[in-house]
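Engineer: If it helps, the file is called run_6.pdb and holds PDB, C-alpha atoms, pLDDT in the B column:
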ATOM      1  CA  SER F 147     -95.671 -22.386  83.678  1.00 54.00           C
ATOM      2  CA  GLY F 148     -95.650 -20.170  86.765  1.00 55.00           C
ATOM      3  CA  THR F 149     -95.010 -16.700  88.100  1.00 53.00           C
ATOM      4  CA  THR F 150     -91.258 -16.921  88.571  1.00 56.00           C
ATOM      5  CA  GLY F 151     -88.477 -19.355  87.795  1.00 60.00           C
ATOM      6  CA  THR F 152     -84.797 -19.600  88.675  1.00 58.00           C
ATOM      7  CA  PHE F 153     -82.633 -22.199  86.989  1.00 60.00           C
ATOM      8  CA  SER F 154     -78.949 -23.024  87.477  1.00 54.00           C
ATOM      9  CA  GLY F 155     -78.767 -25.114  84.321  1.00 55.00           C
ATOM     10  CA  ALA F 156     -80.491 -25.326  80.959  1.00 57.00           C
ATOM     11  CA  VAL F 157     -84.094 -24.317  80.431  1.00 62.00           C
ATOM     12  CA  SER F 158     -85.737 -26.335  77.658  1.00 61.00           C
ATOM     13  CA  GLY F 159     -89.210 -27.146  76.442  1.00 61.00           C
ATOM     14  CA  THR F 160     -91.831 -26.504  73.785  1.00 59.00           C
ATOM     15  CA  THR F 161     -94.003 -24.053  75.724  1.00 64.00           C
ATOM     16  CA  GLY F 162     -93.771 -22.042  78.911  1.00 65.00           C
ATOM     17  CA  THR F 163     -95.725 -19.226  80.513  1.00 67.00           C
ATOM     18  CA  PHE F 164     -94.347 -16.909  83.192  1.00 67.00           C
ATOM     19  CA  SER F 165     -95.972 -13.765  84.497  1.00 64.00           C
ATOM     20  CA  ALA F 166     -92.835 -12.517  86.264  1.00 62.00           C
ATOM     21  CA  ALA F 167     -89.032 -12.899  86.015  1.00 65.00           C
ATOM     22  CA  VAL F 168     -87.358 -16.021  84.679  1.00 67.00           C
ATOM     23  CA  SER F 169     -83.607 -16.351  85.248  1.00 67.00           C
ATOM     24  CA  GLY F 170     -81.051 -19.011  84.456  1.00 66.00           C
ATOM     25  CA  THR F 171     -77.793 -19.741  82.685  1.00 68.00           C
ATOM     26  CA  THR F 172     -79.069 -21.043  79.349  1.00 74.00           C
ATOM     27  CA  GLY F 173     -82.364 -21.629  77.612  1.00 72.00           C
ATOM     28  CA  THR F 174     -83.392 -23.800  74.688  1.00 77.00           C
ATOM     29  CA  PHE F 175     -86.847 -23.665  73.118  1.00 77.00           C
ATOM     30  CA  THR F 176     -88.048 -25.745  70.200  1.00 78.00           C
ATOM     31  CA  GLY F 177     -91.073 -23.503  69.645  1.00 80.00           C
ATOM     32  CA  ASP F 178     -91.774 -19.758  69.680  1.00 81.00           C
ATOM     33  CA  VAL F 179     -90.883 -17.487  72.600  1.00 80.00           C
ATOM     34  CA  ASP F 180     -93.656 -14.954  73.176  1.00 82.00           C
ATOM     35  CA  ILE F 181     -92.652 -11.556  74.589  1.00 84.00           C
ATOM     36  CA  ALA F 182     -95.228  -8.924  75.419  1.00 84.00           C
ATOM     37  CA  ASP F 183     -92.975  -5.896  74.978  1.00 89.00           C
ATOM     38  CA  LYS F 184     -89.191  -6.129  75.297  1.00 89.00           C
ATOM     39  CA  ILE F 185     -85.997  -8.022  75.990  1.00 91.00           C
ATOM     40  CA  ILE F 186     -83.859  -6.179  78.558  1.00 90.00           C
ATOM     41  CA  HIS F 187     -80.089  -6.425  78.965  1.00 89.00           C
ATOM     42  CA  THR F 188     -79.232  -7.877  82.400  1.00 85.00           C
ATOM     43  CA  GLY F 189     -77.937  -5.171  84.709  1.00 90.00           C
ATOM     44  CA  ASP F 190     -78.621  -2.507  82.089  1.00 93.00           C
ATOM     45  CA  THR F 191     -82.366  -2.037  82.152  1.00 90.00           C
ATOM     46  CA  ASP F 192     -82.452   1.022  79.877  1.00 94.00           C
ATOM     47  CA  THR F 193     -81.062  -1.013  76.943  1.00 95.00           C
ATOM     48  CA  ALA F 194     -83.666  -3.185  75.255  1.00 94.00           C
ATOM     49  CA  ILE F 195     -85.003  -4.843  72.122  1.00 95.00           C
ATOM     50  CA  ARG F 196     -88.671  -3.932  71.924  1.00 94.00           C
ATOM     51  CA  PHE F 197     -91.852  -4.776  70.054  1.00 94.00           C
ATOM     52  CA  PRO F 198     -93.776  -1.511  70.570  1.00 92.00           C
ATOM     53  CA  ALA F 199     -96.584  -2.241  68.084  1.00 93.00           C
ATOM     54  CA  ALA F 200     -97.817  -4.920  65.716  1.00 93.00           C
ATOM     55  CA  ASP F 201     -95.254  -5.809  63.024  1.00 94.00           C
ATOM     56  CA  THR F 202     -92.811  -3.295  64.528  1.00 95.00           C
ATOM     57  CA  PHE F 203     -89.330  -3.774  65.961  1.00 94.00           C
ATOM     58  CA  SER F 204     -87.177  -1.231  67.825  1.00 96.00           C
ATOM     59  CA  VAL F 205     -83.884  -0.919  69.690  1.00 96.00           C
ATOM     60  CA  ASP F 206     -83.403   1.273  72.781  1.00 96.00           C
ATOM     61  CA  THR F 207     -80.154   2.457  74.361  1.00 95.00           C
ATOM     62  CA  ALA F 208     -79.830   4.704  77.420  1.00 95.00           C
ATOM     63  CA  GLY F 209     -83.617   4.644  77.738  1.00 94.00           C
ATOM     64  CA  THR F 210     -84.194   6.207  74.289  1.00 94.00           C
ATOM     65  CA  GLU F 211     -85.379   4.558  71.097  1.00 95.00           C
ATOM     66  CA  ARG F 212     -82.581   4.672  68.496  1.00 95.00           C
ATOM     67  CA  LEU F 213     -83.782   2.429  65.653  1.00 96.00           C
ATOM     68  CA  ARG F 214     -87.183   1.259  64.432  1.00 97.00           C
ATOM     69  CA  ILE F 215     -88.382  -0.976  61.607  1.00 97.00           C
ATOM     70  CA  THR F 216     -92.055  -0.317  60.890  1.00 97.00           C
ATOM     71  CA  SER F 217     -94.732  -2.648  59.565  1.00 95.00           C
ATOM     72  CA  THR F 218     -94.122  -1.208  56.071  1.00 95.00           C
ATOM     73  CA  GLY F 219     -90.436  -2.162  56.200  1.00 96.00           C
ATOM     74  CA  PHE F 220     -89.250   1.440  56.535  1.00 97.00           C
ATOM     75  CA  ILE F 221     -86.250   1.948  58.810  1.00 97.00           C
ATOM     76  CA  GLY F 222     -85.984   5.002  61.040  1.00 97.00           C
ATOM     77  CA  ALA F 223     -82.945   6.062  63.054  1.00 96.00           C
ATOM     78  CA  GLY F 224     -83.975   8.690  65.578  1.00 94.00           C
ATOM     79  CA  ILE F 225     -87.533   8.729  64.259  1.00 95.00           C
ATOM     80  CA  ALA F 226     -90.506   6.446  65.005  1.00 95.00           C
ATOM     81  CA  THR F 227     -92.398   7.186  61.765  1.00 95.00           C
ATOM     82  CA  PRO F 228     -89.890   7.066  58.877  1.00 96.00           C
ATOM     83  CA  ASN F 229     -91.203   8.364  55.543  1.00 97.00           C
ATOM     84  CA  HIS F 230     -88.823   6.423  53.280  1.00 96.00           C
ATOM     85  CA  MET F 231     -86.934   3.119  53.193  1.00 97.00           C
ATOM     86  CA  LEU F 232     -84.278   4.737  55.402  1.00 96.00           C
ATOM     87  CA  GLN F 233     -84.644   8.010  57.293  1.00 96.00           C
ATOM     88  CA  LEU F 234     -82.092   9.518  59.671  1.00 96.00           C
ATOM     89  CA  HIS F 235     -83.382  12.172  62.055  1.00 95.00           C
ATOM     90  CA  ARG F 236     -81.731  14.390  64.647  1.00 92.00           C
ATOM     91  CA  GLY F 237     -83.778  15.559  67.622  1.00 88.00           C
ATOM     92  CA  ASP F 238     -81.937  18.894  67.521  1.00 92.00           C
ATOM     93  CA  SER F 239     -80.384  21.211  64.904  1.00 92.00           C
ATOM     94  CA  GLY F 240     -77.164  19.178  64.649  1.00 91.00           C
ATOM     95  CA  ASN F 241     -75.859  17.607  61.442  1.00 92.00           C
ATOM     96  CA  SER F 242     -77.206  14.308  60.135  1.00 94.00           C
ATOM     97  CA  TYR F 243     -74.543  12.436  58.174  1.00 95.00           C
ATOM     98  CA  THR F 244     -73.772   8.931  57.049  1.00 96.00           C
ATOM     99  CA  GLN F 245     -70.067   8.036  56.839  1.00 97.00           C
ATOM    100  CA  TYR F 246     -68.351   5.499  54.565  1.00 97.00           C
ATOM    101  CA  THR F 247     -64.857   4.196  55.414  1.00 98.00           C
ATOM    102  CA  ASN F 248     -62.585   1.196  54.874  1.00 98.00           C
ATOM    103  CA  THR F 249     -59.214  -0.008  56.149  1.00 97.00           C
ATOM    104  CA  THR F 250     -57.380   2.303  53.722  1.00 97.00           C
ATOM    105  CA  THR F 251     -59.176   5.510  54.716  1.00 97.00           C
ATOM    106  CA  GLY F 252     -59.231   4.733  58.424  1.00 97.00           C
ATOM    107  CA  SER F 253     -62.327   4.974  60.596  1.00 97.00           C
ATOM    108  CA  ALA F 254     -61.931   8.310  62.427  1.00 97.00           C
ATOM    109  CA  SER F 255     -64.598  11.011  62.153  1.00 95.00           C
ATOM    110  CA  GLY F 256     -62.563  12.872  59.520  1.00 95.00           C
ATOM    111  CA  ASP F 257     -61.951   9.834  57.301  1.00 97.00           C
ATOM    112  CA  GLY F 258     -63.713   8.503  54.230  1.00 97.00           C
ATOM    113  CA  VAL F 259     -66.816  10.092  52.731  1.00 97.00           C
ATOM    114  CA  TRP F 260     -69.700  11.914  54.418  1.00 97.00           C
ATOM    115  CA  MET F 261     -73.137  12.367  52.948  1.00 97.00           C
ATOM    116  CA  GLY F 262     -76.047  14.165  54.553  1.00 96.00           C
ATOM    117  CA  MET F 263     -77.323  17.434  55.998  1.00 96.00           C
ATOM    118  CA  GLY F 264     -75.175  19.945  57.871  1.00 95.00           C
ATOM    119  CA  THR F 265     -76.016  22.120  60.855  1.00 94.00           C
ATOM    120  CA  ASP F 266     -77.003  24.826  58.341  1.00 95.00           C
ATOM    121  CA  GLU F 267     -79.610  22.433  56.848  1.00 95.00           C
ATOM    122  CA  ALA F 268     -77.643  22.382  53.572  1.00 96.00           C
ATOM    123  CA  CYS F 269     -76.932  19.190  51.609  1.00 96.00           C
ATOM    124  CA  TYR F 270     -73.326  17.932  51.719  1.00 96.00           C
ATOM    125  CA  LEU F 271     -71.456  15.259  49.779  1.00 97.00           C
ATOM    126  CA  TRP F 272     -68.004  15.485  51.363  1.00 96.00           C
ATOM    127  CA  GLN F 273     -64.792  13.726  50.314  1.00 97.00           C
ATOM    128  CA  ASN F 274     -62.361  13.730  53.239  1.00 97.00           C
ATOM    129  CA  GLU F 275     -59.662  11.834  51.357  1.00 98.00           C
ATOM    130  CA  ASN F 276     -57.118  13.227  48.892  1.00 98.00           C
ATOM    131  CA  ASN F 277     -59.053  11.727  46.001  1.00 98.00           C
ATOM    132  CA  PHE F 278     -61.618  12.624  43.337  1.00 97.00           C
ATOM    133  CA  MET F 279     -65.428  12.556  43.407  1.00 97.00           C
ATOM    134  CA  ALA F 280     -67.443  11.224  40.471  1.00 97.00           C
ATOM    135  CA  LEU F 281     -71.078  11.313  39.352  1.00 96.00           C
ATOM    136  CA  GLY F 282     -72.474   8.936  36.768  1.00 97.00           C
ATOM    137  CA  THR F 283     -75.651   8.010  34.922  1.00 97.00           C
ATOM    138  CA  ASN F 284     -76.486   4.920  32.848  1.00 97.00           C
ATOM    139  CA  ASN F 285     -73.403   3.204  34.294  1.00 97.00           C
ATOM    140  CA  THR F 286     -71.163   5.904  32.788  1.00 96.00           C
ATOM    141  CA  GLU F 287     -69.178   8.617  34.548  1.00 96.00           C
ATOM    142  CA  ARG F 288     -70.449  12.087  33.618  1.00 96.00           C
ATOM    143  CA  LEU F 289     -68.729  14.490  36.027  1.00 97.00           C
ATOM    144  CA  ARG F 290     -65.523  14.363  38.061  1.00 98.00           C
ATOM    145  CA  ILE F 291     -64.103  16.741  40.670  1.00 98.00           C
ATOM    146  CA  LEU F 292     -60.407  16.286  41.374  1.00 97.00           C
ATOM    147  CA  SER F 293     -58.929  16.675  44.846  1.00 97.00           C
ATOM    148  CA  THR F 294     -57.343  19.914  43.593  1.00 97.00           C
ATOM    149  CA  GLY F 295     -60.768  21.351  42.606  1.00 97.00           C
ATOM    150  CA  GLU F 296     -60.743  20.997  38.812  1.00 97.00           C
ATOM    151  CA  ILE F 297     -64.100  19.894  37.381  1.00 97.00           C
ATOM    152  CA  GLY F 298     -64.380  17.666  34.348  1.00 97.00           C
ATOM    153  CA  ILE F 299     -67.598  17.044  32.414  1.00 97.00           C
ATOM    154  CA  GLY F 300     -66.958  14.158  30.072  1.00 95.00           C
ATOM    155  CA  VAL F 301     -63.278  14.497  31.047  1.00 95.00           C
ATOM    156  CA  ALA F 302     -61.610  12.150  33.549  1.00 95.00           C
ATOM    157  CA  ALA F 303     -58.467  14.279  33.967  1.00 96.00           C
ATOM    158  CA  PRO F 304     -59.527  17.960  33.796  1.00 95.00           C
ATOM    159  CA  SER F 305     -56.658  20.426  33.516  1.00 94.00           C
ATOM    160  CA  GLU F 306     -58.662  23.626  34.119  1.00 92.00           C
ATOM    161  CA  VAL F 307     -61.138  24.777  36.775  1.00 94.00           C
ATOM    162  CA  LEU F 308     -63.839  23.620  34.319  1.00 94.00           C
ATOM    163  CA  ASP F 309     -62.948  21.218  31.507  1.00 94.00           C
ATOM    164  CA  VAL F 310     -65.814  20.172  29.225  1.00 93.00           C
ATOM    165  CA  ASN F 311     -65.792  17.620  26.428  1.00 94.00           C
ATOM    166  CA  GLY F 312     -68.889  18.587  24.459  1.00 91.00           C
ATOM    167  CA  THR F 313     -71.134  21.535  23.710  1.00 88.00           C
ATOM    168  CA  ILE F 314     -71.945  24.161  26.335  1.00 87.00           C
ATOM    169  CA  GLN F 315     -75.261  25.967  25.999  1.00 84.00           C
ATOM    170  CA  CYS F 316     -75.654  29.335  27.704  1.00 82.00           C
ATOM    171  CA  LEU F 317     -79.182  30.741  27.864  1.00 82.00           C
ATOM    172  CA  ASN F 318     -78.247  34.166  29.205  1.00 80.00           C
ATOM    173  CA  GLU F 319     -74.707  35.488  29.132  1.00 81.00           C
ATOM    174  CA  LEU F 320     -71.072  34.487  29.418  1.00 81.00           C
ATOM    175  CA  ARG F 321     -69.241  37.009  31.583  1.00 82.00           C
ATOM    176  CA  SER F 322     -65.711  37.424  32.907  1.00 83.00           C
ATOM    177  CA  LYS F 323     -65.079  38.242  36.532  1.00 78.00           C
ATOM    178  CA  THR F 324     -64.777  41.992  37.197  1.00 76.00           C
ATOM    179  CA  GLY F 325     -61.267  43.202  36.426  1.00 75.00           C
ATOM    180  CA  ASN F 326     -60.332  40.250  34.212  1.00 81.00           C
ATOM    181  CA  ASP F 327     -60.387  39.737  30.455  1.00 84.00           C
ATOM    182  CA  LEU F 328     -62.740  37.238  28.824  1.00 82.00           C
ATOM    183  CA  LEU F 329     -60.570  34.720  26.970  1.00 83.00           C
ATOM    184  CA  LEU F 330     -61.900  32.492  24.204  1.00 82.00           C
ATOM    185  CA  ASN F 331     -59.195  30.051  23.202  1.00 82.00           C
ATOM    186  CA  ALA F 332     -59.638  27.404  20.490  1.00 81.00           C
ATOM    187  CA  GLY F 333     -56.787  25.503  22.115  1.00 78.00           C
ATOM    188  CA  SER F 334     -54.680  24.473  19.125  1.00 78.00           C
ATOM    189  CA  ALA F 335     -53.557  25.614  15.676  1.00 77.00           C
ATOM    190  CA  ASN F 336     -56.036  25.613  12.776  1.00 82.00           C
ATOM    191  CA  ARG F 337     -58.993  25.698  15.179  1.00 87.00           C
ATOM    192  CA  ASP F 338     -61.590  28.410  14.503  1.00 87.00           C
ATOM    193  CA  VAL F 339     -63.634  30.508  16.937  1.00 88.00           C
ATOM    194  CA  LYS F 340     -67.205  31.365  15.964  1.00 86.00           C
ATOM    195  CA  ILE F 341     -69.787  33.693  17.461  1.00 86.00           C
ATOM    196  CA  GLN F 342     -73.289  32.828  16.291  1.00 84.00           C
ATOM    197  CA  VAL F 343     -76.806  34.201  16.612  1.00 84.00           C
ATOM    198  CA  ASN F 344     -79.684  31.866  15.781  1.00 84.00           C
ATOM    199  CA  ASP F 345     -77.136  29.293  14.545  1.00 83.00           C
ATOM    200  CA  THR F 346     -75.751  31.823  12.024  1.00 85.00           C
ATOM    201  CA  ASN F 347     -72.128  32.983  12.128  1.00 84.00           C
ATOM    202  CA  ILE F 348     -71.851  36.667  13.096  1.00 86.00           C
ATOM    203  CA  MET F 349     -68.117  36.719  13.761  1.00 88.00           C
ATOM    204  CA  TYR F 350     -65.598  34.165  12.529  1.00 86.00           C
ATOM    205  CA  VAL F 351     -61.974  33.928  13.634  1.00 87.00           C
ATOM    206  CA  LYS F 352     -59.905  31.547  11.496  1.00 85.00           C
ATOM    207  CA  GLY F 353     -57.068  29.890  13.350  1.00 84.00           C
ATOM    208  CA  SER F 354     -55.260  28.871  10.168  1.00 83.00           C
ATOM    209  CA  ASN F 355     -54.454  32.459   9.071  1.00 82.00           C
ATOM    210  CA  ALA F 356     -55.394  34.635  12.096  1.00 81.00           C
ATOM    211  CA  THR F 357     -58.097  36.507  10.169  1.00 86.00           C
ATOM    212  CA  VAL F 358     -61.373  37.849  11.559  1.00 87.00           C
ATOM    213  CA  GLY F 359     -64.593  38.002   9.568  1.00 87.00           C
ATOM    214  CA  ILE F 360     -67.808  39.820  10.442  1.00 87.00           C
ATOM    215  CA  GLY F 361     -70.707  38.653   8.299  1.00 82.00           C
ATOM    216  CA  THR F 362     -68.435  36.212   6.486  1.00 82.00           C
ATOM    217  CA  ASP F 363     -67.169  32.774   7.458  1.00 80.00           C
ATOM    218  CA  ASN F 364     -64.209  32.887   5.079  1.00 80.00           C
ATOM    219  CA  PRO F 365     -62.192  36.016   5.892  1.00 82.00           C
ATOM    220  CA  LYS F 366     -59.004  36.497   3.900  1.00 76.00           C
ATOM    221  CA  ALA F 367     -57.904  40.039   4.695  1.00 70.00           C
ATOM    222  CA  GLN F 368     -55.378  40.681   7.422  1.00 66.00           C
ATOM    223  CA  TYR F 369     -56.819  41.018  10.034  1.00 62.00           C
ATOM    224  CA  LEU F 370     -60.462  42.001   9.725  1.00 67.00           C
ATOM    225  CA  GLN F 371     -62.867  41.462   6.858  1.00 63.00           C
ATOM    226  CA  VAL F 372     -66.428  42.735   6.959  1.00 68.00           C
ATOM    227  CA  GLY F 373     -68.965  41.140   4.635  1.00 65.00           C
ATOM    228  CA  LEU F 374     -71.215  43.626   2.837  1.00 58.00           C
ATOM    229  CA  PRO F 375     -74.701  42.911   1.419  1.00 54.00           C
ATOM    230  CA  LYS F 376     -74.829  40.470  -1.473  1.00 51.00           C
ATOM    231  CA  ALA F 377     -73.823  41.834  -4.891  1.00 49.00           C
ATOM    232  CA  GLN F 378     -71.671  44.403  -3.083  1.00 46.00           C
ATOM    233  CA  PRO F 379     -68.644  42.400  -1.888  1.00 47.00           C
ATOM    234  CA  GLY F 380     -65.899  44.329  -0.210  1.00 48.00           C
ATOM    235  CA  SER F 381     -63.537  44.379   2.679  1.00 46.00           C
ATOM    236  CA  VAL F 382     -61.969  46.861   5.052  1.00 45.00           C
TER     237      VAL F 382
END
Take the structure in the file and give it back as structure tokens.

Structural biologist:
Amino acid sequence: SGTTGTFSGAVSGTTGTFSAAVSGTTGTFTGDVDIADKIIHTGDTDTAIRFPAADTFSVDTAGTERLRITSTGFIGAGIATPNHMLQLHRGDSGNSYTQYTNTTTGSASGDGVWMGMGTDEACYLWQNENNFMALGTNNTERLRILSTGEIGIGVAAPSEVLDVNGTIQCLNELRSKTGNDLLLNAGSANRDVKIQVNDTNIMYVKGSNATVGIGTDNPKAQYLQVGLPKAQPGSV
């Protein structure tokens, strides 16, 4: 123990107490090394590993704390009091992204996948590669966006802007863009198109014979058959 120590060879022992600088080429300790506050990089005093509070660990570069692990196990980057297991914080209004790359994508700023918050405070999940994006639940893919912009729900290879395998429920209205027709296409021969209200057919278009029925689900007249009240069958 002492106030200072300078060693040209190994420093070894079970205990040692110094109230000032200790320097040397190597050091070996068989017990704990107690540090009041921080370990400083030689010749670079604004870079340090610190112990700023009980059960807390932090890393400083350029004189600023960059990373902290709190006593609760939460990790904060740019923040001393993280609210979740991992929190990234910018000290200005800049973006806050994480980036994922590998040897195939490359490691430049425009490679791989970004996820985070933009300078407009909006949420971004950004695919920089010429590849698809997928979302899944219960270990099953549910939605896919191709690199060309087509969206598939229950479809791995969508061929339209929106390609859905399943039932679509609309609680308000289905509308075409201004200046364009609204196209309902059954997609193949012998497929019918139905318009229902309260699960009851109001209009029925049969693909097998190109007939249209209003109030009937079995039109036979070419091309429009209107069902009249019961006991008064007829067609126009």

Engineer: Between CA of Val259 in chain F and CA of Thr247 in chain F, what is the spacing in Å?

Structural biologist: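 Going from CA of Thr247 in chain F over to CA of Val259 in chain F covers 6.8 Å.
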
Engineer: Please write as a PyMOL selection string the full residue list that the PyMOL selection byres ((chain F and resi 182) around 9) yields on this file.

Structural biologist: chain F and resi 180-181+183-184+196-198

Engineer: Give the answer as one residue: which of F:Val310, F:Ile291, F:Val179, F:Leu329 has the shortest atom-to-atom distance to Leu271 in chain F, using all atoms listed in the file?

Structural biologist: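 The answer is F:Ile291, which sits nearest to Leu271 in chain F.
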
Engineer: Put the listed atoms of range 267-272 of chain F in a box along x, y and z with 5 Å added on every side and give me the centre and edge lengths in Å to one decimal, as AutoDock Vina command-line options.

Structural biologist:
--center_x -73.8 --center_y 18.8 --center_z 53.3 --size_x 21.6 --size_y 17.2 --size_z 17.1

Engineer: I need the residue nearest Gly300 in chain F from this list: F:Thr313, F:Thr362, F:Thr193, F:Thr202. Use all atoms listed in the file for the distance.

Structural biologist: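 The closest residue to Gly300 in chain F is F:Thr313.
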
Engineer: Go ahead and compute the interatomic distance for CA of Thr251 in chain F and CA of Glu275 in chain F, in Å to one decimal.

Structural biologist: 7.2 Å

Engineer: Spell out the residues picked by the PyMOL selection byres ((chain F and resi 223) around 6) here, as a ChimeraX atom specification.

Structural biologist: /F:212-213,222,224-225,234

Engineer: What would the file look like if the residues just selected were written as a PDB file, keeping the file's coordinate frame with C-alpha atoms?

Structural biologist:
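Once everything was written out, this is result_38.pdb:
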ATOM      1  CA  ARG F 212     -82.581   4.672  68.496  1.00 95.00           C
ATOM      2  CA  LEU F 213     -83.782   2.429  65.653  1.00 96.00           C
ATOM      3  CA  GLY F 222     -85.984   5.002  61.040  1.00 97.00           C
ATOM      4  CA  GLY F 224     -83.975   8.690  65.578  1.00 94.00           C
ATOM      5  CA  ILE F 225     -87.533   8.729  64.259  1.00 95.00           C
ATOM      6  CA  LEU F 234     -82.092   9.518  59.671  1.00 96.00           C
TER       7      LEU F 234
END

Engineer: What is the distance, in Å and to one decimal place, between CA of Leu289 in chain F and CA of Leu232 in chain F?

Structural biologist: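 Spanning CA of Leu289 in chain F to CA of Leu232 in chain F is a straight-line distance of 26.7 Å.
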
Engineer: Kindly resolve the PyMOL selection byres ((chain F and resi 231) around 6) on the present coordinates and return the residues as number ranges by chain.

Structural biologist: F: 220-221, 230, 232

Engineer: Counting all atoms listed in the file, which residue out of F:Asn364, F:Thr191, F:Thr227, F:Gln273 sits closest to Thr210 in chain F?

Structural biologist: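 Among the listed residues, F:Thr191 lies closest to Thr210 in chain F.
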
Engineer: Go through F:Asp327, F:Glu296, F:Gly361, F:Met279 and flag the residue nearest Gln342 in chain F, using all atoms listed in the file for the distances.

Structural biologist: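 Of the candidates, the smallest distance to Gln342 in chain F is held by F:Gly361.
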